[in-house]
>>> print(open('work-v8.txt').read())   # compact mmCIF, C-alpha atoms
# COMPACT_ATOMS: atom_id res chain seq x y z
CA PRO A 748 -53.86 -7.09 0.77
CA HIS A 749 -50.82 -8.55 -0.94
CA HIS A 750 -47.97 -10.86 -0.04
CA LYS A 751 -45.29 -9.22 2.10
CA VAL A 752 -42.09 -10.36 3.74
CA CYS A 753 -43.39 -11.72 7.04
CA GLY A 754 -42.80 -14.67 9.37
CA GLU A 755 -46.54 -15.41 9.13
CA TYR A 756 -46.49 -16.40 12.79
CA LEU A 757 -49.11 -14.72 14.96
CA SER A 758 -48.81 -15.10 18.74
CA ARG A 759 -51.93 -16.54 20.36
CA GLU A 760 -51.88 -13.63 22.82
CA VAL A 761 -53.79 -11.63 20.16
CA LYS A 762 -56.81 -13.96 20.24
CA PRO A 763 -58.72 -12.21 23.08
CA TYR A 764 -58.15 -8.86 21.36
CA PHE A 765 -59.34 -10.23 18.00
CA ASP A 766 -62.37 -11.76 19.74
CA ARG A 767 -63.21 -8.42 21.38
CA LEU A 768 -63.02 -6.72 17.97
CA ILE A 769 -65.07 -9.55 16.44
CA ILE A 770 -62.34 -10.44 13.94
CA PRO A 771 -63.13 -14.05 12.94
CA LEU A 772 -59.57 -15.42 12.78
CA GLY A 773 -60.93 -18.97 13.07
CA ASP A 774 -62.58 -18.55 9.66
CA LEU A 775 -59.10 -18.72 8.12
CA LYS A 776 -58.44 -22.09 9.78
CA PRO A 777 -54.89 -21.13 10.81
CA LYS A 778 -52.41 -23.81 11.81
CA ILE A 779 -51.98 -24.09 15.57
CA ILE A 780 -48.26 -23.89 16.37
CA SER A 781 -47.22 -25.42 19.69
CA GLY A 782 -43.54 -26.28 19.28
CA LEU A 783 -40.26 -24.57 18.46
CA GLN A 784 -37.18 -26.09 16.87
CA TYR A 785 -34.15 -23.84 17.27
CA SER A 786 -30.77 -24.47 15.69
CA THR A 787 -27.37 -22.81 15.99
CA PRO A 788 -24.99 -22.00 13.14
CA ALA A 789 -22.93 -25.02 14.28
CA GLY A 790 -25.91 -27.31 13.63
CA ARG A 791 -26.97 -28.04 17.20
CA SER A 792 -30.68 -27.91 17.75
CA LEU A 793 -33.28 -28.15 20.48
CA TYR A 794 -37.03 -28.55 20.58
CA VAL A 795 -39.32 -26.93 23.15
CA LYS A 796 -43.06 -26.76 23.64
CA LEU A 797 -44.47 -23.23 23.40
CA PRO A 798 -46.83 -22.68 26.36
CA LEU A 799 -48.83 -19.97 24.60
CA GLY A 800 -48.19 -21.00 21.01
CA ALA A 801 -49.15 -19.25 17.83
CA PHE A 802 -51.23 -19.27 14.69
CA GLY A 803 -49.67 -20.03 11.33
CA VAL A 804 -51.49 -17.71 8.93
CA SER A 805 -50.31 -16.03 5.75
CA ARG A 806 -49.96 -12.28 5.81
CA PHE A 807 -52.07 -12.06 2.66
CA SER A 808 -55.01 -13.92 4.26
CA LEU A 809 -54.72 -12.06 7.56
CA ASP A 810 -54.57 -8.65 5.87
CA ASN A 811 -57.54 -9.59 3.67
CA LEU A 812 -59.54 -10.68 6.75
CA LEU A 813 -58.72 -7.38 8.52
CA PHE A 814 -59.66 -5.43 5.38
CA LYS A 815 -63.00 -7.23 4.95
CA THR A 816 -63.82 -6.90 8.67
CA ALA A 817 -63.08 -3.18 8.62
CA VAL A 818 -65.27 -2.61 5.54
CA ALA A 819 -68.08 -4.68 7.05
CA ASN A 820 -67.95 -2.39 10.09
CA GLY A 821 -68.28 0.81 8.07
CA VAL A 822 -64.63 1.80 7.74
CA GLU A 823 -63.94 3.85 4.64
CA VAL A 824 -60.86 2.44 2.94
CA ILE A 825 -58.98 4.68 0.53
CA GLN A 826 -56.21 2.98 -1.42
CA GLU A 827 -53.99 5.66 -2.85
CA LYS A 828 -50.33 6.51 -2.76
CA VAL A 829 -49.80 8.89 0.15
CA LEU A 830 -47.31 11.66 -0.49
CA LYS A 831 -47.60 13.65 2.73
CA VAL A 832 -49.23 13.47 6.18
CA GLU A 833 -49.59 16.46 8.49
CA PHE A 834 -51.22 16.76 11.90
CA LEU A 835 -52.97 20.13 12.22
CA ASP A 836 -55.30 21.32 15.00
CA ASN A 837 -56.47 17.84 16.08
CA PHE A 838 -56.91 16.39 12.61
CA PHE A 839 -54.77 14.81 9.94
CA LYS A 840 -54.33 16.28 6.49
CA VAL A 841 -53.34 13.58 4.03
CA THR A 842 -52.09 14.46 0.57
CA THR A 843 -52.20 11.74 -2.09
CA ALA A 844 -51.46 11.62 -5.79
CA ARG A 845 -55.22 12.15 -6.39
CA GLY A 846 -56.09 14.81 -3.82
CA GLN A 847 -56.31 15.75 -0.16
CA TYR A 848 -58.24 14.25 2.74
CA SER A 849 -58.73 15.13 6.39
CA ALA A 850 -59.63 12.82 9.25
CA SER A 851 -59.40 12.50 13.01
CA HIS A 852 -57.73 9.07 12.66
CA VAL A 853 -55.49 7.73 9.90
CA LEU A 854 -54.12 4.22 9.56
CA GLY A 855 -51.11 3.90 7.28
CA SER A 856 -50.19 0.60 5.68
CA PHE A 857 -46.89 0.83 3.88
CA GLY A 858 -43.44 -0.72 3.94
CA LYS A 859 -40.33 0.69 5.46
CA ARG A 860 -38.36 2.95 3.11
CA SER A 861 -41.48 4.04 1.24
CA VAL A 862 -41.98 7.37 -0.53
CA LEU A 863 -43.82 8.52 2.58
CA ASP A 864 -40.80 7.69 4.77
CA LYS A 865 -38.65 9.79 2.44
CA ASN A 866 -41.13 12.69 2.45
CA LEU A 867 -41.39 12.53 6.26
CA ASP A 868 -37.59 12.85 6.34
CA ARG A 869 -37.20 9.87 8.64
CA ILE A 870 -33.66 9.45 9.99
CA PHE A 871 -33.36 5.74 9.14
CA PHE A 872 -34.09 6.52 5.49
CA LYS A 873 -30.71 8.26 5.18
CA LYS A 874 -28.78 5.24 6.47
CA PRO A 875 -28.01 2.13 4.41
CA ALA A 876 -30.08 -0.91 5.32
CA PRO A 877 -27.85 -3.56 6.95
CA TRP A 878 -30.36 -6.39 6.43
CA VAL A 879 -32.05 -8.23 3.57
CA ALA A 880 -35.32 -10.10 4.16
CA ILE A 881 -36.70 -12.73 1.78
CA LYS A 882 -39.94 -14.74 1.91
CA SER A 883 -41.18 -17.68 -0.16
CA HIS A 884 -43.82 -20.38 0.17
CA TYR A 885 -42.96 -24.03 -0.37
CA GLU A 886 -44.66 -27.41 -0.34
CA HIS A 887 -43.23 -30.24 1.79
CA LYS A 888 -45.48 -32.98 3.11
CA ASN A 889 -43.26 -33.96 6.07
CA PHE A 890 -42.99 -30.58 7.79
CA PRO A 891 -45.20 -30.64 10.94
CA ASP A 892 -48.26 -28.39 11.07
CA ASP A 893 -47.59 -27.42 14.70
CA LEU A 894 -43.93 -26.38 14.43
CA VAL A 895 -42.04 -23.15 13.97
CA ALA A 896 -38.37 -23.72 13.16
CA LEU A 897 -35.73 -21.02 13.56
CA HIS A 898 -32.40 -21.91 11.99
CA ASN A 899 -29.44 -19.63 12.58
CA PHE A 900 -26.59 -19.35 10.11
CA LYS A 901 -23.58 -17.11 9.71
CA GLY A 902 -25.07 -13.73 8.82
CA GLY A 903 -28.69 -14.33 9.74
CA TYR A 904 -31.52 -16.73 10.48
CA CYS A 905 -34.36 -18.48 8.67
CA GLY A 906 -37.84 -19.23 10.00
CA LEU A 907 -40.14 -21.98 8.74
CA SER A 908 -43.77 -22.59 9.64
CA ARG A 909 -46.91 -23.82 7.96
CA THR A 910 -49.75 -21.45 7.08
CA GLU A 911 -53.50 -21.96 6.76
CA SER A 912 -53.07 -22.86 3.08
CA GLY A 913 -50.82 -25.81 3.94
CA SER A 914 -47.78 -24.10 2.42
CA ILE A 915 -44.60 -23.67 4.41
CA ASN A 916 -43.60 -20.07 4.84
CA MET A 917 -39.84 -19.65 4.62
CA CYS A 918 -38.65 -16.23 5.69
CA TYR A 919 -35.07 -15.26 6.35
CA LEU A 920 -33.22 -12.23 7.53
CA ALA A 921 -29.58 -11.93 6.46
CA SER A 922 -26.94 -9.29 6.77
CA TYR A 923 -26.47 -7.43 3.53
CA ASN A 924 -22.75 -8.24 3.71
CA SER A 925 -23.42 -12.00 3.73
CA PHE A 926 -26.04 -11.69 0.99
CA LYS A 927 -24.11 -9.44 -1.42
CA GLU A 928 -21.72 -12.24 -2.40
CA HIS A 929 -24.66 -14.05 -4.03
CA LYS A 930 -27.02 -11.16 -4.93
CA ASP A 931 -29.75 -13.72 -5.70
CA PRO A 932 -32.20 -15.26 -3.21
CA ASP A 933 -32.13 -18.66 -4.94
CA LYS A 934 -28.33 -18.84 -4.89
CA TYR A 935 -28.17 -17.59 -1.30
>>> encode(input="work-v8.txt", output="structure tokens")
Amino acid sequence: PHHKVCGEYLSREVKPYFDRLIIPLGDLKPKIISGLQYSTPAGRSLYVKLPLGAFGVSRFSLDNLLFKTAVANGVEVIQEKVLKVEFLDNFFKVTTARGQYSASHVLGSFGKRSVLDKNLDRIFFKKPAPWVAIKSHYEHKNFPDDLVALHNFKGGYCGLSRTESGSINMCYLASYNSFKEHKDPDKY
């Protein structure tokens, strides 16, 4: 588990599935999100109640919970850089920097545009990425615990919501063209 670019907003529709898998999400004490503030690039905004709502939980804490739950249930976790994956005669052959493994099931956890994506010759890897995504955590005592805010601006949008730690997750997606003028997340 490590911090990743993520909205850190988990729809409450996953709760029955997590319960069935005995994943104790409640142990993280996630924020319960029940409202949405949405703004336009012109500055108009509206607020609506979210009937289903969501959990505000950091990606780091959620990934760590999933990792610990898997290990507690006997899952063998191998953390190595994967160079190649092949599916042969009903099993996977996985080649890493340290060796080779075979398994009937393989779960990959890696970011887009990874070495594995390149080695798998994925089509998107050959195209330039039109978007830039940035995430940071901030402290602000007046931001509501139960709110997700989506603010649109020319070239992208920014989402804000509180996580289980009390921090506000700020994550934005911007077109590369709008970002390249600044080339620095703080300036942007």
>>> residues_around(input="work-v8.txt", residues="Asp893 in chain A", least_positions_apart="2", cutoff="12 Å", atoms="all atoms listed in the file", output="JSON, numbers by chain")
{"A": [756, 777, 778, 779, 780, 781, 782, 783, 784, 795, 796, 797, 800, 801, 802, 803, 804, 889, 890, 891, 895, 896, 907, 908, 909, 910, 911, 913, 915]}
>>> residues_around(input="work-v8.txt", residues="range 806-814 of chain A", least_positions_apart="3", cutoff="7 Å", atoms="only C-alpha atoms", output="compact mmCIF listing (two decimals) with C-alpha atoms, keeping the file's coordinate frame")
# COMPACT_ATOMS: atom_id res chain seq x y z
CA PRO A 748 -53.86 -7.09 0.77
CA HIS A 749 -50.82 -8.55 -0.94
CA HIS A 750 -47.97 -10.86 -0.04
CA LYS A 751 -45.29 -9.22 2.10
CA CYS A 753 -43.39 -11.72 7.04
CA GLU A 755 -46.54 -15.41 9.13
CA ALA A 817 -63.08 -3.18 8.62
CA VAL A 818 -65.27 -2.61 5.54
>>> closest_residue(input="work-v8.txt", among="A:Lys888, A:Arg860, A:His852, A:Lys873", to="Glu833 in chain A", atoms="all atoms listed in the file")
A:His852
>>> residues_around(input="work-v8.txt", residues="Thr843 in chain A", least_positions_apart="6", cutoff="7 Å", atoms="all atoms listed in the file", output="VMD selection string")
chain A and resid 827 to 831
>>> closest_atom_pairs(input="work-v8.txt", of="range 837-891 of chain A", to="range 917-921 of chain A", cutoff="12 Å", atoms="only C-alpha atoms", output="Markdown table")
| residue | atom | partner | partner_atom | distance |
| --- | --- | --- | --- | --- |
| A:Ala876 | CA | A:Ala921 | CA | 11.1 |
| A:Pro877 | CA | A:Ala921 | CA | 8.6 |
| A:Trp878 | CA | A:Ala921 | CA | 5.6 |
| A:Val879 | CA | A:Ala921 | CA | 5.3 |
| A:Ala880 | CA | A:Leu920 | CA | 4.5 |
| A:Ile881 | CA | A:Tyr919 | CA | 5.5 |
| A:Lys882 | CA | A:Cys918 | CA | 4.3 |
| A:Ser883 | CA | A:Met917 | CA | 5.3 |
| A:His884 | CA | A:Met917 | CA | 6.0 |
| A:Tyr885 | CA | A:Met917 | CA | 7.3 |
| A:Glu886 | CA | A:Met917 | CA | 10.4 |
| A:His887 | CA | A:Met917 | CA | 11.5 |
| A:Phe890 | CA | A:Met917 | CA | 11.8 |
>>> residues_around(input="work-v8.txt", residues="Tyr935 in chain A", least_positions_apart="5", cutoff="10 Å", atoms="only C-alpha atoms", output="MDAnalysis selection string")
chainID A and resid 921 925:930
>>> atom_distance(input="work-v8.txt", atom1="CA of Cys905 in chain A", atom2="CA of Phe857 in chain A")
23.5 Å
>>> closest_residue(input="work-v8.txt", among="A:Lys874, A:Pro771, A:Ser786, A:Val832", to="Leu854 in chain A", atoms="only C-alpha atoms")
A:Val832
>>> atom_distance(input="work-v8.txt", atom1="CA of Pro798 in chain A", atom2="CA of Ser758 in chain A")
10.9 Å
>>> residues_near_point(input="work-v8.txt", point="(-56.0, 3.1, 1.9)", cutoff="8 Å", atoms="all atoms listed in the file", output="count of residues only")
7
>>> residues_around(input="work-v8.txt", residues="Asn837 in chain A", least_positions_apart="5", cutoff="12 Å", atoms="only C-alpha atoms", output="mmCIF file with C-alpha atoms, in the frame of the given file")
data_model
loop_
_atom_site.group_PDB
_atom_site.id
_atom_site.type_symbol
_atom_site.label_atom_id
_atom_site.label_comp_id
_atom_site.auth_asym_id
_atom_site.auth_seq_id
_atom_site.Cartn_x
_atom_site.Cartn_y
_atom_site.Cartn_z
ATOM 1 C CA SER A 849 -58.730 15.130 6.390
ATOM 2 C CA ALA A 850 -59.630 12.820 9.250
ATOM 3 C CA SER A 851 -59.400 12.500 13.010
ATOM 4 C CA HIS A 852 -57.730 9.070 12.660
ATOM 5 C CA VAL A 853 -55.490 7.730 9.900
#
>>> atom_distance(input="work-v8.txt", atom1="CA of His898 in chain A", atom2="CA of Tyr785 in chain A")
5.9 Å
>>> closest_residue(input="work-v8.txt", among="A:Arg759, A:Gly906, A:Pro875, A:Ile769", to="Asn820 in chain A", atoms="only C-alpha atoms")
A:Ile769
>>> decode(input="work-v8.txt", residues="range 896-915 of chain A", atoms="N, CA and C atoms", output="PDB file, in the first residue's frame")
ATOM      1  N   ALA A 896     -17.172  17.673  -2.955  1.00  0.00           N
ATOM      2  CA  ALA A 896     -17.323  18.858  -3.792  1.00  0.00           C
ATOM      3  C   ALA A 896     -16.597  18.621  -5.111  1.00  0.00           C
ATOM      4  N   LEU A 897     -17.291  18.856  -6.204  1.00  0.00           N
ATOM      5  CA  LEU A 897     -16.704  18.724  -7.543  1.00  0.00           C
ATOM      6  C   LEU A 897     -16.765  20.097  -8.199  1.00  0.00           C
ATOM      7  N   HIS A 898     -15.604  20.669  -8.422  1.00  0.00           N
ATOM      8  CA  HIS A 898     -15.510  22.012  -8.993  1.00  0.00           C
ATOM      9  C   HIS A 898     -14.894  21.919 -10.385  1.00  0.00           C
ATOM     10  N   ASN A 899     -15.663  22.350 -11.368  1.00  0.00           N
ATOM     11  CA  ASN A 899     -15.214  22.338 -12.754  1.00  0.00           C
ATOM     12  C   ASN A 899     -14.496  23.641 -13.079  1.00  0.00           C
ATOM     13  N   PHE A 900     -13.483  23.552 -13.901  1.00  0.00           N
ATOM     14  CA  PHE A 900     -12.765  24.730 -14.376  1.00  0.00           C
ATOM     15  C   PHE A 900     -12.358  24.476 -15.816  1.00  0.00           C
ATOM     16  N   LYS A 901     -11.956  25.530 -16.493  1.00  0.00           N
ATOM     17  CA  LYS A 901     -11.556  25.371 -17.891  1.00  0.00           C
ATOM     18  C   LYS A 901     -10.384  24.391 -17.947  1.00  0.00           C
ATOM     19  N   GLY A 902     -10.596  23.261 -18.599  1.00  0.00           N
ATOM     20  CA  GLY A 902      -9.538  22.263 -18.743  1.00  0.00           C
ATOM     21  C   GLY A 902      -9.598  21.113 -17.773  1.00  0.00           C
ATOM     22  N   GLY A 903     -10.599  21.085 -16.877  1.00  0.00           N
ATOM     23  CA  GLY A 903     -10.660  19.952 -15.961  1.00  0.00           C
ATOM     24  C   GLY A 903     -11.626  20.136 -14.812  1.00  0.00           C
ATOM     25  N   TYR A 904     -11.420  19.348 -13.763  1.00  0.00           N
ATOM     26  CA  TYR A 904     -12.242  19.458 -12.559  1.00  0.00           C
ATOM     27  C   TYR A 904     -11.423  19.028 -11.345  1.00  0.00           C
ATOM     28  N   CYS A 905     -11.878  19.467 -10.180  1.00  0.00           N
ATOM     29  CA  CYS A 905     -11.213  19.164  -8.912  1.00  0.00           C
ATOM     30  C   CYS A 905     -12.249  18.617  -7.942  1.00  0.00           C
ATOM     31  N   GLY A 906     -11.893  17.543  -7.260  1.00  0.00           N
ATOM     32  CA  GLY A 906     -12.762  16.956  -6.248  1.00  0.00           C
ATOM     33  C   GLY A 906     -12.167  17.121  -4.867  1.00  0.00           C
ATOM     34  N   LEU A 907     -13.011  17.402  -3.894  1.00  0.00           N
ATOM     35  CA  LEU A 907     -12.597  17.567  -2.502  1.00  0.00           C
ATOM     36  C   LEU A 907     -13.504  16.724  -1.617  1.00  0.00           C
ATOM     37  N   SER A 908     -12.920  15.982  -0.701  1.00  0.00           N
ATOM     38  CA  SER A 908     -13.700  15.261   0.302  1.00  0.00           C
ATOM     39  C   SER A 908     -12.772  14.884   1.445  1.00  0.00           C
ATOM     40  N   ARG A 909     -13.381  14.709   2.594  1.00  0.00           N
ATOM     41  CA  ARG A 909     -12.605  14.373   3.793  1.00  0.00           C
ATOM     42  C   ARG A 909     -12.415  12.865   3.879  1.00  0.00           C
ATOM     43  N   THR A 910     -11.255  12.454   4.398  1.00  0.00           N
ATOM     44  CA  THR A 910     -10.970  11.031   4.575  1.00  0.00           C
ATOM     45  C   THR A 910     -11.037  10.661   6.057  1.00  0.00           C
ATOM     46  N   GLU A 911     -10.852   9.387   6.331  1.00  0.00           N
ATOM     47  CA  GLU A 911     -10.906   8.878   7.704  1.00  0.00           C
ATOM     48  C   GLU A 911      -9.902   9.552   8.621  1.00  0.00           C
ATOM     49  N   SER A 912      -8.819  10.073   8.086  1.00  0.00           N
ATOM     50  CA  SER A 912      -7.786  10.718   8.904  1.00  0.00           C
ATOM     51  C   SER A 912      -8.168  12.131   9.306  1.00  0.00           C
ATOM     52  N   GLY A 913      -9.213  12.668   8.689  1.00  0.00           N
ATOM     53  CA  GLY A 913      -9.606  14.054   8.928  1.00  0.00           C
ATOM     54  C   GLY A 913      -9.055  15.004   7.877  1.00  0.00           C
ATOM     55  N   SER A 914      -8.102  14.533   7.082  1.00  0.00           N
ATOM     56  CA  SER A 914      -7.541  15.358   6.011  1.00  0.00           C
ATOM     57  C   SER A 914      -8.550  15.502   4.879  1.00  0.00           C
ATOM     58  N   ILE A 915      -8.393  16.559   4.120  1.00  0.00           N
ATOM     59  CA  ILE A 915      -9.210  16.749   2.923  1.00  0.00           C
ATOM     60  C   ILE A 915      -8.391  16.271   1.739  1.00  0.00           C
TER      61      ILE A 915
END
